[in-house]
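Note sheet for the following structure.
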Amino acid sequence: MVVRHHQIDFASGALVFPGGKTDPADFEPELDPHLDGALSAPDMKAIQVASIREAFEECGVLLARPEGSRALISGERLASLEPYRDRLHKGEVSIREFLEKEALRLACDRLVHFAHWITPPMVPKRFDTHFFLAEAPADHLAVHDGHESVDSVWITPAQALADAASGKRTVIFPTLRNIEKLARWQTVADALAAAATTTPVRVLPWTEQRADGTYLCIPPEADYDISEEKMPERAD
C-alpha cells in the first residue's frame with residue numbers, strides 16, 4: 001500500500017491501494033494488440049489498462065510480458081524501464097507508445113475484479129472506482145513515486161487494520177472495508193480464487209438519519225464485514 005501526499009485534495013495522508021484514474025489514451029482501440037486477456041467491454045478494458053499503468057507509475061510494479069513470452073518481465077528488465085514511470089505520469093508518452101517501443105504486452109489476464117465503489121453524492125469530488133487483485137511478481141521492487149504517494153509499505157491486512165484502529169495510520173471507509181474483506185484469506189492464492197468466483201456488487205454508500213445520529217450505509221449484499229457505521233458528530 002502507499003501513503004497519499006498530504007497536499008492532495010482527496011484522502012491526503014491516507015494509506016491506500018496503488019491506483020488512479022483513466023487517461024484518454026487508455027481507451028485507444030490501437031492498444032488491443034498489446035493486451036493479454038483484457039475484458040471485452042471498452043470501458044472495463046480501459047480500466048484494466050489504467051490499473052496496470054497506474055500501479056507502474058505509482059509504485060513501480062508492472063504486470064507486463066515481453067512480446068512472445070508468457071512470463072512476466074523480470075525485475076532486471078523492470079529496472080531498465082524506471083524512467084518511463086515519470087514520463088507516463090507527466091503525459092510525455094502514452095501507454096501505447098511505451099508498449100510499442102519496449103515490445104511489451106499488458107497482462108490484463110492477471111487481474112481479478114474484486115470490488116466496485118462509487119463515491120456518494122454528498123462528497124464534492126466523486127469517483128467511480130474498480131478494485132482488482134493481482135499477485136505481484138516477487139522480484140518487482142515496489143517504490144512510491146514521490147508525487148501522489150510519499151511512502152510505500154508491504155503490509156498484511158491484519159496489520160493495516162490494527163494501525164487504523166490505533167490511529168497510527170489514516171484509512172478511509174472504502175479502503176478499510178476492502179482490507180477487512182482481504183483479511184478473510186491467509187494467502188494471495190486463496191484471495192484470488194475467492195474473488196474469481198464472485199461478481200462484485202456495486203457499492204454506492206448513502207446516509208440515514210436515525211434517532212441516535214447519522215449512519216453511513218452500504219448494501220449488505222456487497223458482503224463486507226459491516227454494512228453501516230455511525231458517523232462522528234460534527235461540531236457546530
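In the C-alpha cells, each chain is lettered A, B, ... as it comes, each chain's residues begin at 1, and ligands are numbered from 1 in order of appearance.
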Near range 184-206 of chain A, 7 Å: range 44-152 of chain A residue rows, closest pairs, only C-alpha atoms, as a Markdown table:
| residue | atom | partner | partner_atom | distance |
| --- | --- | --- | --- | --- |
| A:Val112 | CA | A:Ala196 | CA | 6.1 |
| A:His113 | CA | A:Ala195 | CA | 6.8 |
| A:Phe114 | CA | A:Ala195 | CA | 5.7 |
| A:Ala115 | CA | A:Pro200 | CA | 5.0 |
| A:His116 | CA | A:Arg202 | CA | 5.0 |
| A:Trp117 | CA | A:Val203 | CA | 4.7 |
| A:Ile118 | CA | A:Leu204 | CA | 5.0 |
| A:Thr119 | CA | A:Leu204 | CA | 6.4 |
| A:Pro120 | CA | A:Pro205 | CA | 5.5 |
| A:Leu133 | CA | A:Leu192 | CA | 6.6 |
| A:Glu135 | CA | A:Val188 | CA | 6.7 |
Now that the selection is made, can you save its residues with C-alpha atoms as an mmCIF file, in the first residue's frame?
data_model
loop_
_atom_site.group_PDB
_atom_site.id
_atom_site.type_symbol
_atom_site.label_atom_id
_atom_site.label_comp_id
_atom_site.auth_asym_id
_atom_site.auth_seq_id
_atom_site.Cartn_x
_atom_site.Cartn_y
_atom_site.Cartn_z
ATOM 1 C CA VAL A 112 -9.169 -10.360 -10.832
ATOM 2 C CA HIS A 113 -12.098 -7.984 -10.311
ATOM 3 C CA PHE A 114 -12.576 -7.558 -6.558
ATOM 4 C CA ALA A 115 -14.790 -4.541 -5.833
ATOM 5 C CA HIS A 116 -16.668 -1.589 -7.339
ATOM 6 C CA TRP A 117 -17.291 1.565 -5.289
ATOM 7 C CA ILE A 118 -18.846 4.890 -6.263
ATOM 8 C CA THR A 119 -18.327 7.980 -4.117
ATOM 9 C CA PRO A 120 -21.638 9.163 -2.588
ATOM 10 C CA LEU A 133 -6.423 -8.215 -7.148
ATOM 11 C CA GLU A 135 -0.150 -11.327 -7.451
#
Shell around Thr207 in chain A at 12 Å using only C-alpha atoms, local window under 5 positions removed, as an MDAnalysis selection string: chainID A and resid 120:123 213:219 227:231
Residues flagged helix (DSSP H, G or I) by DSSP in range 120-218 of chain A, as a list in words: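 In range 120-218 of chain A, DSSP puts these residues in helix (DSSP H, G or I): Pro157, Ala158, Gln159, Ala160, Leu161, Ala162, Asp163, Ala164, Ala165, Ser166, Phe173, Pro174, Thr175, Leu176, Arg177, Asn178, Ile179, Glu180, Lys181, Leu182, Val188, Ala189, Asp190, Ala191, Leu192, Ala193, Ala194, Ala195 and Ala196 of chain A.
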I need the residues from that last selection saved to file as an mmCIF file, in the first residue's frame (with N, CA and C atoms), if you can.
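Output saved as selection_16.cif:
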data_model
loop_
_atom_site.group_PDB
_atom_site.id
_atom_site.type_symbol
_atom_site.label_atom_id
_atom_site.label_comp_id
_atom_site.auth_asym_id
_atom_site.auth_seq_id
_atom_site.Cartn_x
_atom_site.Cartn_y
_atom_site.Cartn_z
ATOM 1 N N PRO A 157 -3.177 -7.436 5.782
ATOM 2 C CA PRO A 157 -4.462 -6.829 6.143
ATOM 3 C C PRO A 157 -4.616 -6.659 7.653
ATOM 4 N N ALA A 158 -4.184 -7.655 8.414
ATOM 5 C CA ALA A 158 -4.328 -7.580 9.871
ATOM 6 C C ALA A 158 -3.554 -6.397 10.442
ATOM 7 N N GLN A 159 -2.351 -6.163 9.932
ATOM 8 C CA GLN A 159 -1.541 -5.054 10.438
ATOM 9 C C GLN A 159 -2.136 -3.712 10.026
ATOM 10 N N ALA A 160 -2.638 -3.635 8.803
ATOM 11 C CA ALA A 160 -3.259 -2.389 8.346
ATOM 12 C C ALA A 160 -4.486 -2.059 9.190
ATOM 13 N N LEU A 161 -5.277 -3.072 9.530
ATOM 14 C CA LEU A 161 -6.455 -2.852 10.372
ATOM 15 C C LEU A 161 -6.044 -2.415 11.773
ATOM 16 N N ALA A 162 -5.005 -3.036 12.300
ATOM 17 C CA ALA A 162 -4.528 -2.669 13.638
ATOM 18 C C ALA A 162 -4.009 -1.234 13.653
ATOM 19 N N ASP A 163 -3.279 -0.851 12.608
ATOM 20 C CA ASP A 163 -2.744 0.513 12.533
ATOM 21 C C ASP A 163 -3.865 1.538 12.419
ATOM 22 N N ALA A 164 -4.928 1.184 11.681
ATOM 23 C CA ALA A 164 -6.068 2.087 11.553
ATOM 24 C C ALA A 164 -6.795 2.229 12.885
ATOM 25 N N ALA A 165 -6.973 1.103 13.592
ATOM 26 C CA ALA A 165 -7.689 1.119 14.871
ATOM 27 C C ALA A 165 -6.935 1.922 15.933
ATOM 28 N N SER A 166 -5.603 1.866 15.887
ATOM 29 C CA SER A 166 -4.793 2.567 16.887
ATOM 30 C C SER A 166 -4.588 4.041 16.554
ATOM 31 N N PHE A 173 -12.986 5.016 4.674
ATOM 32 C CA PHE A 173 -14.029 3.994 4.782
ATOM 33 C C PHE A 173 -13.956 2.905 3.696
ATOM 34 N N PRO A 174 -13.927 3.246 2.397
ATOM 35 C CA PRO A 174 -13.904 2.176 1.382
ATOM 36 C C PRO A 174 -12.656 1.298 1.487
ATOM 37 N N THR A 175 -11.507 1.917 1.723
ATOM 38 C CA THR A 175 -10.260 1.150 1.843
ATOM 39 C C THR A 175 -10.340 0.202 3.028
ATOM 40 N N LEU A 176 -10.861 0.693 4.144
ATOM 41 C CA LEU A 176 -10.969 -0.126 5.351
ATOM 42 C C LEU A 176 -11.854 -1.339 5.126
ATOM 43 N N ARG A 177 -12.978 -1.133 4.449
ATOM 44 C CA ARG A 177 -13.890 -2.255 4.192
ATOM 45 C C ARG A 177 -13.218 -3.311 3.301
ATOM 46 N N ASN A 178 -12.461 -2.875 2.303
ATOM 47 C CA ASN A 178 -11.800 -3.838 1.416
ATOM 48 C C ASN A 178 -10.638 -4.538 2.113
ATOM 49 N N ILE A 179 -9.943 -3.849 3.008
ATOM 50 C CA ILE A 179 -8.894 -4.511 3.785
ATOM 51 C C ILE A 179 -9.505 -5.585 4.681
ATOM 52 N N GLU A 180 -10.643 -5.267 5.308
ATOM 53 C CA GLU A 180 -11.322 -6.257 6.152
ATOM 54 C C GLU A 180 -11.678 -7.498 5.354
ATOM 55 N N LYS A 181 -12.156 -7.289 4.130
ATOM 56 C CA LYS A 181 -12.516 -8.446 3.306
ATOM 57 C C LYS A 181 -11.271 -9.243 2.930
ATOM 58 N N LEU A 182 -10.182 -8.567 2.594
ATOM 59 C CA LEU A 182 -8.941 -9.275 2.277
ATOM 60 C C LEU A 182 -8.433 -10.087 3.460
ATOM 61 N N VAL A 188 -2.364 -15.142 -0.825
ATOM 62 C CA VAL A 188 -2.737 -14.465 -2.071
ATOM 63 C C VAL A 188 -3.559 -15.404 -2.953
ATOM 64 N N ALA A 189 -3.143 -16.658 -3.034
ATOM 65 C CA ALA A 189 -3.848 -17.628 -3.879
ATOM 66 C C ALA A 189 -5.291 -17.803 -3.435
ATOM 67 N N ASP A 190 -5.513 -17.862 -2.121
ATOM 68 C CA ASP A 190 -6.876 -18.026 -1.608
ATOM 69 C C ASP A 190 -7.733 -16.802 -1.943
ATOM 70 N N ALA A 191 -7.161 -15.604 -1.801
ATOM 71 C CA ALA A 191 -7.902 -14.382 -2.107
ATOM 72 C C ALA A 191 -8.265 -14.323 -3.587
ATOM 73 N N LEU A 192 -7.308 -14.660 -4.450
ATOM 74 C CA LEU A 192 -7.554 -14.640 -5.886
ATOM 75 C C LEU A 192 -8.620 -15.656 -6.268
ATOM 76 N N ALA A 193 -8.549 -16.853 -5.685
ATOM 77 C CA ALA A 193 -9.523 -17.902 -6.003
ATOM 78 C C ALA A 193 -10.922 -17.495 -5.582
ATOM 79 N N ALA A 194 -11.046 -16.894 -4.408
ATOM 80 C CA ALA A 194 -12.358 -16.462 -3.926
ATOM 81 C C ALA A 194 -12.921 -15.343 -4.791
ATOM 82 N N ALA A 195 -12.080 -14.382 -5.149
ATOM 83 C CA ALA A 195 -12.538 -13.257 -5.963
ATOM 84 C C ALA A 195 -12.954 -13.713 -7.361
ATOM 85 N N ALA A 196 -12.285 -14.729 -7.875
ATOM 86 C CA ALA A 196 -12.579 -15.209 -9.225
ATOM 87 C C ALA A 196 -13.950 -15.876 -9.319
#
A:Leu15, A:Ala25, A:Val2, A:Ala138 ranked by distance to Glu92 in chain A, top pick (using only C-alpha atoms): A:Ala25
12 Å contact set for Glu54 in chain A, only C-alpha atoms, chain neighbours under 6 positions out, as an MDAnalysis selection string: chainID A and resid 17:23 26 46:48 60:63 84:86 88:89 95 144:145 148:149
Residues near His140 in chain A, cut-off 10 Å, only C-alpha atoms, skip fewer than 2 positions along chain, as an MDAnalysis selection string: chainID A and resid 59:63 73:79 136:138 142:143
Emit the selected residues as a PDB file, in the first residue's frame, including C-alpha atoms.
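Contents of part22.pdb, as written:
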ATOM      1  CA  CYS A  59       4.660   2.023  -7.057  1.00  0.00           C
ATOM      2  CA  GLY A  60       6.840   0.548  -9.804  1.00  0.00           C
ATOM      3  CA  VAL A  61       5.172  -2.863 -10.201  1.00  0.00           C
ATOM      4  CA  LEU A  62       4.455  -3.667 -13.867  1.00  0.00           C
ATOM      5  CA  LEU A  63       2.183  -6.544 -14.907  1.00  0.00           C
ATOM      6  CA  ILE A  73       9.020  -9.186 -17.142  1.00  0.00           C
ATOM      7  CA  SER A  74      11.922  -9.725 -14.765  1.00  0.00           C
ATOM      8  CA  GLY A  75      12.978  -7.336 -12.047  1.00  0.00           C
ATOM      9  CA  GLU A  76      16.111  -6.614 -14.075  1.00  0.00           C
ATOM     10  CA  ARG A  77      14.071  -5.615 -17.136  1.00  0.00           C
ATOM     11  CA  LEU A  78      11.738  -3.608 -14.920  1.00  0.00           C
ATOM     12  CA  ALA A  79      14.658  -1.590 -13.555  1.00  0.00           C
ATOM     13  CA  ALA A 136       2.876  -9.050  -7.572  1.00  0.00           C
ATOM     14  CA  PRO A 137       5.995 -10.588  -9.172  1.00  0.00           C
ATOM     15  CA  ALA A 138       8.412 -11.480  -6.393  1.00  0.00           C
ATOM     16  CA  ALA A 142       7.648  -1.571  -5.129  1.00  0.00           C
ATOM     17  CA  VAL A 143       8.749   2.016  -4.500  1.00  0.00           C
TER      18      VAL A 143
END
Separation of CA of Glu28 in chain A from CA of Ser40 in chain A in Å: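 Interatomic distance, CA of Ser40 in chain A to CA of Glu28 in chain A: 13.3 Å.
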DSSP strand (DSSP E or B) residues within range 44-230 of chain A, listed as a count of residues only: 39
For CA of Glu82 in chain A and CA of Glu102 in chain A, the interatomic separation in Å (one decimal):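 Computing the Euclidean distance for CA of Glu82 in chain A and CA of Glu102 in chain A yields 12.2 Å.
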Residue nearest Asp109 in chain A - candidates A:Val171, A:Ala134, A:Ala38, A:Ala211, atoms counted: only C-alpha atoms: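 Nearest to Asp109 in chain A: A:Ala38.
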